[in-house]
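Source file: coords.cif. Holds: mmCIF, C-alpha atoms.
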```
data_input
#
loop_
_atom_site.label_atom_id
_atom_site.label_comp_id
_atom_site.auth_asym_id
_atom_site.auth_seq_id
_atom_site.Cartn_x
_atom_site.Cartn_y
_atom_site.Cartn_z
CA MET H 1 55.20 137.99 -10.86
CA GLY H 2 52.13 137.41 -8.68
CA PHE H 3 51.99 137.15 -4.93
CA SER H 4 51.12 133.46 -5.00
CA THR H 5 54.23 132.62 -7.01
CA LEU H 6 56.43 134.57 -4.62
CA TRP H 7 54.82 132.78 -1.75
CA ARG H 8 55.42 129.36 -3.24
CA ARG H 9 59.09 130.04 -3.93
CA GLY H 10 59.62 131.38 -0.44
CA ASN H 11 61.47 134.32 0.95
CA ILE H 12 65.03 134.59 -0.27
CA SER H 13 67.19 136.02 2.49
CA GLY H 14 69.68 135.11 5.17
CA LEU H 15 72.85 133.12 4.90
CA TYR H 16 73.41 131.41 1.56
CA VAL H 17 76.26 128.91 1.58
CA ILE H 18 77.86 127.82 -1.68
CA THR H 19 79.60 124.46 -1.47
CA THR H 20 83.09 124.00 -2.81
CA GLU H 21 84.91 120.73 -2.49
CA SER H 22 88.47 120.48 -1.18
CA PRO H 23 90.61 117.47 -0.35
CA GLN H 24 89.62 117.99 3.31
CA ARG H 25 85.92 118.70 2.92
CA SER H 26 83.25 117.32 0.64
CA HIS H 27 80.13 119.13 -0.55
CA ILE H 28 78.19 116.97 1.89
CA ASP H 29 80.45 117.97 4.83
CA ILE H 30 79.91 121.65 4.09
CA ALA H 31 76.16 121.21 3.70
CA LYS H 32 75.85 119.25 6.94
CA ALA H 33 77.70 121.91 8.94
CA SER H 34 75.63 124.65 7.31
CA ILE H 35 72.37 122.89 8.06
CA GLU H 36 73.44 122.33 11.64
CA ALA H 37 73.95 126.09 11.91
CA GLY H 38 70.53 126.81 10.43
CA VAL H 39 71.47 128.45 7.11
CA SER H 40 68.60 129.37 4.80
CA PHE H 41 70.08 128.30 1.46
CA ILE H 42 72.66 125.88 0.21
CA GLN H 43 73.89 126.15 -3.35
CA TYR H 44 75.54 123.06 -4.72
CA ARG H 45 78.24 124.19 -7.12
CA ASP H 46 80.65 121.88 -8.89
CA LYS H 47 81.94 122.79 -12.32
CA ASN H 48 84.07 119.67 -12.82
CA ALA H 49 82.04 116.62 -11.86
CA SER H 50 80.36 114.28 -14.32
CA THR H 51 76.59 114.44 -14.56
CA ARG H 52 76.32 111.15 -12.68
CA LYS H 53 78.45 112.49 -9.83
CA LEU H 54 76.46 115.75 -9.75
CA PHE H 55 73.25 113.76 -9.63
CA GLU H 56 74.40 111.46 -6.83
CA THR H 57 75.72 114.30 -4.67
CA ALA H 58 72.65 116.46 -5.32
CA LEU H 59 70.41 113.56 -4.34
CA LYS H 60 72.18 113.24 -0.98
CA LEU H 61 71.99 117.01 -0.49
CA ARG H 62 68.28 116.90 -1.27
CA GLU H 63 67.74 114.30 1.44
CA ILE H 64 69.54 116.23 4.14
CA THR H 65 68.19 119.66 3.15
CA ARG H 66 64.60 118.41 2.95
CA LYS H 67 64.71 117.13 6.51
CA ALA H 68 66.14 120.44 7.67
CA ARG H 69 63.84 122.58 5.51
CA THR H 70 66.89 124.26 4.04
CA LYS H 71 66.43 125.38 0.45
CA LEU H 72 68.63 123.56 -2.04
CA ILE H 73 69.76 125.49 -5.12
CA ILE H 74 71.71 123.80 -7.92
CA ASN H 75 74.36 125.83 -9.72
CA ASP H 76 74.06 125.89 -13.51
CA ARG H 77 72.28 122.57 -14.07
CA VAL H 78 68.55 122.64 -14.74
CA ASP H 79 68.59 118.89 -15.40
CA ILE H 80 70.06 118.07 -11.99
CA ALA H 81 67.57 120.38 -10.28
CA LEU H 82 64.70 118.53 -11.98
CA ALA H 83 66.15 115.09 -11.32
CA VAL H 84 66.49 115.58 -7.55
CA LYS H 85 63.57 117.99 -7.15
CA ALA H 86 65.73 120.77 -5.77
CA ASP H 87 64.18 124.11 -4.84
CA GLY H 88 65.82 125.97 -7.66
CA VAL H 89 68.80 126.76 -9.83
CA HIS H 90 71.38 129.48 -9.88
CA LEU H 91 72.44 130.56 -13.35
CA GLY H 92 75.54 132.49 -14.33
CA GLN H 93 75.91 134.50 -17.49
CA ASP H 94 77.56 131.42 -19.10
CA ASP H 95 74.70 129.12 -18.15
CA MET H 96 71.31 128.57 -19.76
CA PRO H 97 69.45 131.79 -20.63
CA LEU H 98 66.81 132.64 -18.02
CA GLU H 99 63.79 132.44 -20.32
CA HIS H 100 64.64 128.90 -21.42
CA ALA H 101 65.30 127.77 -17.86
CA ARG H 102 61.93 129.19 -16.81
CA ASP H 103 60.21 127.44 -19.71
CA ILE H 104 61.63 124.13 -18.54
CA LEU H 105 61.29 124.60 -14.80
CA GLY H 106 57.97 126.41 -14.60
CA ASP H 107 56.94 128.66 -11.74
CA ARG H 108 57.57 126.28 -8.86
CA TYR H 109 61.35 126.50 -9.02
CA ILE H 110 63.44 129.39 -7.75
CA ILE H 111 65.71 130.85 -10.41
CA GLY H 112 68.57 133.09 -9.34
CA ILE H 113 70.85 134.92 -11.75
CA SER H 114 74.47 135.96 -11.24
CA THR H 115 74.91 139.64 -11.99
CA SER H 116 77.95 141.86 -11.76
CA CYS H 117 76.51 145.24 -12.68
CA LEU H 118 73.33 147.28 -12.64
CA GLU H 119 72.46 146.46 -16.24
CA GLU H 120 72.54 142.71 -15.64
CA ALA H 121 70.58 143.11 -12.41
CA VAL H 122 67.76 145.01 -14.11
CA GLU H 123 67.74 142.57 -17.03
CA ALA H 124 67.45 139.60 -14.65
CA GLU H 125 64.52 141.18 -12.85
CA HIS H 126 62.73 141.95 -16.12
CA GLY H 127 63.41 138.38 -17.27
CA GLY H 128 61.59 136.94 -14.27
CA ALA H 129 64.44 135.99 -11.94
CA ASP H 130 63.41 135.27 -8.34
CA TYR H 131 66.56 136.82 -6.98
CA ILE H 132 69.90 138.09 -8.17
CA GLY H 133 73.31 137.13 -6.96
CA LEU H 134 75.23 140.42 -7.07
CA GLY H 135 78.96 140.78 -6.90
CA PRO H 136 81.72 140.57 -6.29
CA ILE H 137 81.10 143.22 -3.63
CA TYR H 138 84.71 142.96 -2.43
CA PRO H 139 87.77 141.27 -3.96
CA THR H 140 87.58 137.50 -3.61
CA PRO H 141 89.89 134.56 -4.15
CA SER H 142 87.08 131.96 -4.40
CA LYS H 143 86.03 132.56 -8.00
CA ASP H 144 88.84 133.28 -10.40
CA ASP H 145 86.40 134.34 -13.12
CA ALA H 146 84.84 137.07 -11.00
CA GLY H 147 85.07 140.62 -12.34
CA SER H 148 86.03 143.87 -10.59
CA PRO H 149 84.41 144.49 -7.22
CA ILE H 150 81.33 146.73 -7.36
CA GLY H 151 81.61 147.83 -3.73
CA ILE H 152 78.91 148.99 -1.35
CA GLU H 153 78.09 151.78 -3.79
CA GLY H 154 77.32 149.27 -6.55
CA LEU H 155 75.12 147.30 -4.17
CA MET H 156 73.21 150.42 -3.11
CA ALA H 157 72.68 151.42 -6.74
CA ALA H 158 71.27 147.96 -7.51
CA ARG H 159 69.04 148.10 -4.43
CA GLU H 160 67.55 151.35 -5.78
CA SER H 161 66.89 149.74 -9.14
CA VAL H 162 65.52 146.25 -8.50
CA ASP H 163 62.72 145.01 -6.27
CA ILE H 164 63.57 141.30 -6.20
CA PRO H 165 65.81 139.95 -3.43
CA ILE H 166 69.52 140.61 -3.72
CA VAL H 167 72.01 138.01 -2.52
CA ALA H 168 75.37 139.75 -2.20
CA ILE H 169 78.52 137.76 -2.89
CA GLY H 170 82.27 138.24 -3.02
CA GLY H 171 84.66 138.72 -0.12
CA LEU H 172 81.91 138.70 2.51
CA THR H 173 83.10 137.96 6.03
CA ALA H 174 82.08 138.59 9.63
CA ASP H 175 83.89 141.92 9.34
CA ASN H 176 81.76 143.42 6.59
CA ILE H 177 78.42 141.57 6.58
CA GLU H 178 76.61 144.16 8.65
CA GLN H 179 77.32 147.00 6.25
CA VAL H 180 76.33 144.83 3.29
CA VAL H 181 72.98 144.02 4.90
CA SER H 182 72.50 147.66 5.86
CA ALA H 183 73.14 148.62 2.23
CA GLY H 184 70.13 146.57 1.22
CA SER H 185 71.22 143.01 0.60
CA ASP H 186 68.62 140.40 1.54
CA GLY H 187 70.93 137.45 1.43
CA ILE H 188 74.62 136.93 2.08
CA ALA H 189 76.37 134.35 -0.07
CA VAL H 190 79.64 132.89 1.12
CA ILE H 191 82.00 130.26 -0.15
CA SER H 192 85.29 130.34 1.73
CA ALA H 193 83.92 132.07 4.85
CA VAL H 194 82.28 128.75 5.67
CA ALA H 195 84.15 126.13 3.62
CA SER H 196 87.57 127.35 4.82
CA ALA H 197 86.61 127.98 8.44
CA LEU H 198 88.21 125.82 11.12
CA ASP H 199 84.76 125.10 12.54
CA MET H 200 82.25 125.42 9.68
CA ALA H 201 79.10 125.19 11.80
CA GLU H 202 80.40 127.77 14.25
CA ALA H 203 81.34 130.10 11.37
CA SER H 204 77.87 129.72 9.85
CA ARG H 205 76.18 130.42 13.17
CA ARG H 206 78.25 133.54 13.69
CA LEU H 207 77.53 134.86 10.18
CA ASN H 208 73.84 134.08 10.64
CA ALA H 209 73.75 135.99 13.92
CA LEU H 210 75.44 138.99 12.32
CA ILE H 211 72.87 139.02 9.52
CA GLU H 212 70.02 138.84 12.02
CA ARG H 213 71.49 141.68 14.04
CA ALA H 214 72.01 143.87 10.97
CA LYS H 215 68.41 143.30 9.89
CA ARG H 216 66.93 144.29 13.25
CA PRO H 217 65.33 147.73 12.89
CA LEU H 218 67.14 150.49 14.74
CA ILE H 219 64.85 151.87 17.44
CA MET Y 1 57.12 99.89 -24.58
CA GLY Y 2 54.02 100.15 -26.80
CA PHE Y 3 53.93 100.38 -30.57
CA SER Y 4 52.70 103.99 -30.52
CA THR Y 5 55.69 105.11 -28.46
CA LEU Y 6 58.10 103.41 -30.83
CA TRP Y 7 56.35 105.06 -33.71
CA ARG Y 8 56.59 108.51 -32.19
CA ARG Y 9 60.30 108.19 -31.50
CA GLY Y 10 60.99 106.90 -34.98
CA ASN Y 11 63.14 104.15 -36.32
CA ILE Y 12 66.72 104.22 -35.09
CA SER Y 13 69.02 103.02 -37.83
CA GLY Y 14 71.43 104.17 -40.46
CA LEU Y 15 74.42 106.47 -40.18
CA TYR Y 16 74.76 108.22 -36.83
CA VAL Y 17 77.35 110.99 -36.83
CA ILE Y 18 78.80 112.25 -33.56
CA THR Y 19 80.19 115.76 -33.76
CA THR Y 20 83.62 116.57 -32.38
CA GLU Y 21 85.11 119.99 -32.70
CA SER Y 22 88.63 120.60 -33.98
CA PRO Y 23 90.48 123.81 -34.80
CA GLN Y 24 89.58 123.19 -38.44
CA ARG Y 25 85.96 122.11 -38.09
CA SER Y 26 83.15 123.22 -35.84
CA HIS Y 27 80.22 121.11 -34.68
CA ILE Y 28 78.10 123.05 -37.14
CA ASP Y 29 80.46 122.29 -40.06
CA ILE Y 30 80.29 118.57 -39.32
CA ALA Y 31 76.52 118.64 -38.96
CA LYS Y 32 76.03 120.54 -42.22
CA ALA Y 33 78.16 118.10 -44.20
CA SER Y 34 76.36 115.16 -42.58
CA ILE Y 35 72.95 116.59 -43.35
CA GLU Y 36 73.98 117.24 -46.94
CA ALA Y 37 74.87 113.56 -47.19
CA GLY Y 38 71.53 112.50 -45.72
CA VAL Y 39 72.60 110.97 -42.42
CA SER Y 40 69.80 109.79 -40.13
CA PHE Y 41 71.13 110.98 -36.77
CA ILE Y 42 73.45 113.66 -35.49
CA GLN Y 43 74.67 113.52 -31.93
CA TYR Y 44 75.99 116.77 -30.54
CA ARG Y 45 78.77 115.90 -28.11
CA ASP Y 46 80.93 118.44 -26.32
CA LYS Y 47 82.26 117.66 -22.88
CA ASN Y 48 84.07 120.97 -22.38
CA ALA Y 49 81.75 123.82 -23.36
CA SER Y 50 79.82 125.97 -20.91
CA THR Y 51 76.08 125.44 -20.69
CA ARG Y 52 75.52 128.70 -22.58
CA LYS Y 53 77.80 127.57 -25.41
CA LEU Y 54 76.14 124.13 -25.51
CA PHE Y 55 72.76 125.79 -25.68
CA GLU Y 56 73.70 128.19 -28.45
CA THR Y 57 75.31 125.50 -30.60
CA ALA Y 58 72.47 123.04 -29.97
CA LEU Y 59 69.97 125.71 -30.98
CA LYS Y 60 71.73 126.18 -34.33
CA LEU Y 61 71.92 122.42 -34.82
CA ARG Y 62 68.20 122.16 -34.06
CA GLU Y 63 67.43 124.69 -36.80
CA ILE Y 64 69.44 122.94 -39.49
CA THR Y 65 68.43 119.41 -38.50
CA ARG Y 66 64.73 120.28 -38.34
CA LYS Y 67 64.76 121.58 -41.89
CA ALA Y 68 66.52 118.41 -43.04
CA ARG Y 69 64.41 116.07 -40.88
CA THR Y 70 67.60 114.70 -39.39
CA LYS Y 71 67.20 113.53 -35.81
CA LEU Y 72 69.19 115.56 -33.29
CA ILE Y 73 70.48 113.76 -30.20
CA ILE Y 74 72.23 115.63 -27.38
CA ASN Y 75 75.03 113.88 -25.56
CA ASP Y 76 74.69 113.80 -21.77
CA ARG Y 77 72.60 116.93 -21.22
CA VAL Y 78 68.90 116.50 -20.60
CA ASP Y 79 68.56 120.25 -19.93
CA ILE Y 80 69.97 121.19 -23.32
CA ALA Y 81 67.74 118.64 -25.07
CA LEU Y 82 64.69 120.20 -23.41
CA ALA Y 83 65.79 123.76 -24.06
CA VAL Y 84 66.23 123.31 -27.82
CA LYS Y 85 63.56 120.62 -28.25
CA ALA Y 86 65.99 118.07 -29.60
CA ASP Y 87 64.79 114.58 -30.55
CA GLY Y 88 66.58 112.90 -27.70
CA VAL Y 89 69.59 112.40 -25.50
CA HIS Y 90 72.43 109.96 -25.43
CA LEU Y 91 73.56 108.99 -21.94
CA GLY Y 92 76.82 107.36 -20.92
CA GLN Y 93 77.34 105.41 -17.75
CA ASP Y 94 78.68 108.64 -16.14
CA ASP Y 95 75.60 110.64 -17.11
CA MET Y 96 72.16 110.86 -15.54
CA PRO Y 97 70.62 107.48 -14.70
CA LEU Y 98 68.10 106.36 -17.33
CA GLU Y 99 65.05 106.27 -15.06
CA HIS Y 100 65.54 109.87 -13.95
CA ALA Y 101 66.13 111.07 -17.49
CA ARG Y 102 62.92 109.31 -18.59
CA ASP Y 103 61.00 110.89 -15.71
CA ILE Y 104 62.11 114.33 -16.86
CA LEU Y 105 61.85 113.83 -20.62
CA GLY Y 106 58.73 111.71 -20.85
CA ASP Y 107 57.96 109.36 -23.71
CA ARG Y 108 58.39 111.78 -26.58
CA TYR Y 109 62.17 111.93 -26.38
CA ILE Y 110 64.54 109.26 -27.63
CA ILE Y 111 66.92 108.04 -24.94
CA GLY Y 112 69.99 106.08 -25.99
CA ILE Y 113 72.41 104.49 -23.54
CA SER Y 114 76.12 103.80 -24.02
CA THR Y 115 76.92 100.19 -23.26
CA SER Y 116 80.16 98.27 -23.46
CA CYS Y 117 79.07 94.77 -22.53
CA LEU Y 118 76.10 92.42 -22.60
CA GLU Y 119 75.11 93.15 -19.02
CA GLU Y 120 74.82 96.90 -19.62
CA ALA Y 121 72.96 96.32 -22.88
CA VAL Y 122 70.32 94.15 -21.21
CA GLU Y 123 70.02 96.57 -18.29
CA ALA Y 124 69.47 99.49 -20.67
CA GLU Y 125 66.72 97.64 -22.51
CA HIS Y 126 64.98 96.71 -19.26
CA GLY Y 127 65.29 100.31 -18.10
CA GLY Y 128 63.37 101.57 -21.13
CA ALA Y 129 66.14 102.80 -23.43
CA ASP Y 130 65.08 103.40 -27.03
CA TYR Y 131 68.39 102.16 -28.36
CA ILE Y 132 71.82 101.24 -27.13
CA GLY Y 133 75.14 102.52 -28.30
CA LEU Y 134 77.35 99.45 -28.18
CA GLY Y 135 81.11 99.44 -28.31
CA PRO Y 136 83.85 99.92 -28.89
CA ILE Y 137 83.52 97.24 -31.54
CA TYR Y 138 87.09 97.84 -32.71
CA PRO Y 139 89.96 99.82 -31.16
CA THR Y 140 89.39 103.55 -31.53
CA PRO Y 141 91.39 106.72 -30.99
CA SER Y 142 88.33 109.02 -30.76
CA LYS Y 143 87.32 108.33 -27.18
CA ASP Y 144 90.17 107.89 -24.76
CA ASP Y 145 87.82 106.59 -22.05
CA ALA Y 146 86.55 103.73 -24.17
CA GLY Y 147 87.12 100.23 -22.81
CA SER Y 148 88.40 97.08 -24.53
CA PRO Y 149 86.89 96.30 -27.93
CA ILE Y 150 84.05 93.76 -27.82
CA GLY Y 151 84.49 92.68 -31.42
CA ILE Y 152 81.94 91.28 -33.83
CA GLU Y 153 81.35 88.40 -31.41
CA GLY Y 154 80.32 90.82 -28.65
CA LEU Y 155 77.97 92.58 -31.05
CA MET Y 156 76.38 89.29 -32.13
CA ALA Y 157 75.90 88.24 -28.51
CA ALA Y 158 74.17 91.55 -27.75
CA ARG Y 159 71.99 91.17 -30.87
CA GLU Y 160 70.81 87.80 -29.53
CA SER Y 161 69.95 89.33 -26.17
CA VAL Y 162 68.26 92.68 -26.84
CA ASP Y 163 65.37 93.65 -29.10
CA ILE Y 164 65.86 97.43 -29.15
CA PRO Y 165 67.97 98.97 -31.90
CA ILE Y 166 71.73 98.69 -31.58
CA VAL Y 167 73.97 101.52 -32.76
CA ALA Y 168 77.48 100.12 -33.04
CA ILE Y 169 80.43 102.41 -32.32
CA GLY Y 170 84.20 102.30 -32.17
CA GLY Y 171 86.65 102.06 -35.02
CA LEU Y 172 83.94 101.82 -37.68
CA THR Y 173 85.09 102.66 -41.20
CA ALA Y 174 84.18 101.94 -44.79
CA ASP Y 175 86.31 98.80 -44.48
CA ASN Y 176 84.29 97.10 -41.75
CA ILE Y 177 80.80 98.60 -41.79
CA GLU Y 178 79.29 95.85 -43.88
CA GLN Y 179 80.23 93.08 -41.47
CA VAL Y 180 79.00 95.16 -38.52
CA VAL Y 181 75.61 95.65 -40.15
CA SER Y 182 75.51 91.97 -41.12
CA ALA Y 183 76.19 91.07 -37.48
CA GLY Y 184 72.99 92.81 -36.49
CA SER Y 185 73.73 96.47 -35.89
CA ASP Y 186 70.87 98.80 -36.85
CA GLY Y 187 72.89 101.97 -36.73
CA ILE Y 188 76.51 102.85 -37.34
CA ALA Y 189 77.97 105.59 -35.17
CA VAL Y 190 81.09 107.36 -36.34
CA ILE Y 191 83.17 110.22 -35.04
CA SER Y 192 86.48 110.45 -36.89
CA ALA Y 193 85.30 108.59 -40.02
CA VAL Y 194 83.37 111.74 -40.86
CA ALA Y 195 84.96 114.53 -38.79
CA SER Y 196 88.48 113.66 -39.97
CA ALA Y 197 87.62 112.92 -43.60
CA LEU Y 198 89.02 115.23 -46.27
CA ASP Y 199 85.52 115.60 -47.73
CA MET Y 200 83.05 115.04 -44.89
CA ALA Y 201 79.91 114.97 -47.03
CA GLU Y 202 81.49 112.52 -49.45
CA ALA Y 203 82.63 110.29 -46.58
CA SER Y 204 79.12 110.34 -45.10
CA ARG Y 205 77.54 109.46 -48.43
CA ARG Y 206 79.93 106.57 -48.91
CA LEU Y 207 79.29 105.19 -45.41
CA ASN Y 208 75.54 105.61 -45.92
CA ALA Y 209 75.68 103.69 -49.19
CA LEU Y 210 77.64 100.87 -47.57
CA ILE Y 211 75.06 100.59 -44.78
CA GLU Y 212 72.22 100.50 -47.32
CA ARG Y 213 73.98 97.82 -49.32
CA ALA Y 214 74.69 95.69 -46.25
CA LYS Y 215 71.02 95.90 -45.21
CA ARG Y 216 69.70 94.76 -48.59
CA PRO Y 217 68.45 91.19 -48.24
CA LEU Y 218 70.53 88.63 -50.08
CA ILE Y 219 68.41 87.03 -52.78
#
```
Rewrite the structure from the file as structure tokens, please.
Amino acid sequence: MGFSTLWRRGNISGLYVITTESPQRSHIDIAKASIEAGVSFIQYRDKNASTRKLFETALKLREITRKARTKLIINDRVDIALAVKADGVHLGQDDMPLEHARDILGDRYIIGISTSCLEEAVEAEHGGADYIGLGPIYPTPSKDDAGSPIGIEGLMAARESVDIPIVAIGGLTADNIEQVVSAGSDGIAVISAVASALDMAEASRRLNALIERAKRPLI
Amino acid sequence: MGFSTLWRRGNISGLYVITTESPQRSHIDIAKASIEAGVSFIQYRDKNASTRKLFETALKLREITRKARTKLIINDRVDIALAVKADGVHLGQDDMPLEHARDILGDRYIIGISTSCLEEAVEAEHGGADYIGLGPIYPTPSKDDAGSPIGIEGLMAARESVDIPIVAIGGLTADNIEQVVSAGSDGIAVISAVASALDMAEASRRLNALIERAKRPLI
């Protein structure tokens, strides 16, 4: 992947908030609070909605993220990403294969791949992914299909093996973010740490500050 | 829509088989029997599968339909249609809006729109649909979200109002196909009339023959 392509797709790091709807909070609510707190990435993830609903919500998210210059990533759905001109897609191992998504999306869209082990991480990099989601790092209640935690050791092994950005996921909270960043993660993906917080914007700001602090070089 | 575009997308008429998986019969089984019987269109419809599963099945369907020169239409998913280079998509009122699907797919893909009344039919034509699915004509057990039947009268009213091909759907069987074609339907869409038949290829052939006979001009 050339420098110019990397440049166009932007730097993938910082706080990466995945939306998850609850009776109390909509995808839009979570995105608004995250944007207010200055998060770098919002991933819109909804495995149950109709295509029309996905489209309508993604369109609203595109409006508010564009104004804020927050990157908008669509989970799973290449068609929705194209329809609303999102910044990219995030693909799990049950989603469209990377090479076909790249064929459709071209080089201007970010493509991230969910990986749960070193082998998948290396394969995603070779396949032309722009970043990998890696996890779960710790046990997590947010995704019931997540596998066994790979731990800080798994993250460090992946960091040794791939050059593209790593966005760690799974059980990440204010209590462990610093060690995850120190172990080599570029981005920190959270679901419940924001969506379930009493004050979502405050939680996002705090996580963001912890990431910034962990990235500061030790002098 | 110009003549050349119509020509590229082909003539939309004849038997249109919508796949529906059961424990006994896969989407591929239904498609193979339909192809053997010479159906014009196969619509791959699966509202439950993961994107990966949709992609893999659609890819197999693309292989067998291409050899047979049967048109392959993908229900709902513009991304899957692009990934496997299907002939088109079929969009319901809960799927991606027509104008956005056309923006993504361009003029080389067929886009059909599900309509259940005159107003939707006219709107789909104005929006640039290549055909409309219209129904349910009769009561049907295959789609539990289908509305009230519009009857032969509803079909005739739509035929008066739109110029694009009409593919009738809903409760169509060997017993009523001839009157549906006589009322102005170009295509006949079936789900259970093929998928639930003892001999699917034989059922398809019989339905095909009835459509041909109904289309023959009375001399």
Contact table chain H vs chain Y, cut-off 6 Å, shortest pair per residue, only C-alpha atoms, as a tab-separated table:
```
residue	atom	partner	partner_atom	distance
H:Thr51	CA	Y:Asp95	CA	4.7
H:Arg52	CA	Y:Asp95	CA	4.5
H:Val78	CA	Y:Asp79	CA	5.7
H:Asp79	CA	Y:Asp79	CA	4.7
H:Ala83	CA	Y:His100	CA	5.9
H:Asp94	CA	Y:Arg52	CA	4.9
H:Asp95	CA	Y:Arg52	CA	4.5
H:Met96	CA	Y:Arg52	CA	5.1
H:His100	CA	Y:Ala83	CA	5.9
```
Please expand the PyMOL selection byres ((chain Y and resi 19) around 12) into the concrete residues it hits in this file, giving the result as a VMD selection string.
chain Y and resid 16 to 18 20 to 22 25 to 34 41 to 47 57 to 58 61 72 to 75 142 189 to 196 200
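Take the candidates Y:Thr173, Y:Asn11, Y:Gln24, Y:Ser161 and check each one against Thr70 in chain Y using only C-alpha atoms; the shortest distance goes to Y:Asn11.
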List the residues matched by the PyMOL selection byres ((chain H and resi 146-160) around 9) in the displayed structure as JSON, numbers by chain, ordered by chain and then by residue number.
{"H": [116, 117, 118, 119, 121, 122, 134, 135, 136, 137, 138, 139, 140, 141, 142, 143, 144, 145, 161, 162, 163, 164, 165, 166, 168, 170, 179, 180, 183, 184, 185]}
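Taking CA of Ala197 in chain H and CA of Arg66 in chain H as the two end points, the separation is 24.6 Å.
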Point-to-point distance from CA of Ile35 in chain Y to CA of Ile12 in chain Y, Å rounded to tenths:
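The value is 16.1 Å.
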Show which residues sit within 9 Å of Gly112 in chain H, as a list in words. Count only C-alpha atoms, and ignore same-chain residues fewer than 6 positions away.
Ile73, Gly88, Val89, His90, Leu91, Gly92, Leu98, Ala124, Ala129, Asp130, Tyr131, Ile132 and Gly133 of chain H
Give me the residues near Gly187 in chain H as a PyMOL selection string, where near means some atom within 6 Å (using all atoms listed in the file) and where sequence neighbours in that chain fewer than 4 positions away do not count.
chain H and resi 13-15+167
To one decimal place, how far is CA of Arg205 in chain H from CA of Lys71 in chain H in Å?
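For CA of Arg205 in chain H relative to CA of Lys71 in chain H, the distance reads 16.8 Å.
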Residue among Y:Asp87, Y:Asp107, Y:Gly128, Y:Val181 lying closest to Arg213 in chain Y, counting only C-alpha atoms
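Comparing Y:Asp87, Y:Asp107, Y:Gly128, Y:Val181 against Arg213 in chain Y, the winner is Y:Val181.
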Taking the file above as input, evaluate the PyMOL selection byres ((chain Y and resi 177) around 9) and report the hits as a CSV table (one decimal) with C-alpha atoms, in the coordinates of the input.
```
chain,number,residue,atom,x,y,z
Y,172,LEU,CA,83.9,101.8,-37.7
Y,173,THR,CA,85.1,102.7,-41.2
Y,174,ALA,CA,84.2,101.9,-44.8
Y,175,ASP,CA,86.3,98.8,-44.5
Y,176,ASN,CA,84.3,97.1,-41.8
Y,178,GLU,CA,79.3,95.8,-43.9
Y,179,GLN,CA,80.2,93.1,-41.5
Y,180,VAL,CA,79.0,95.2,-38.5
Y,181,VAL,CA,75.6,95.6,-40.2
Y,182,SER,CA,75.5,92.0,-41.1
Y,188,ILE,CA,76.5,102.8,-37.3
Y,207,LEU,CA,79.3,105.2,-45.4
Y,210,LEU,CA,77.6,100.9,-47.6
Y,211,ILE,CA,75.1,100.6,-44.8
Y,214,ALA,CA,74.7,95.7,-46.2
```
With all atoms listed in the file as the atoms that count, which of H:Gly127, H:Pro217, H:Gly106, H:Gly38 lies nearest to Thr65 in chain H?
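Residue with the minimum atom-to-atom distance to Thr65 in chain H: H:Gly38.
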Counting all atoms listed in the file, the option among H:Leu59, H:Ile64, H:Ile169, H:Ile110 closest to Asp186 in chain H:
H:Ile169
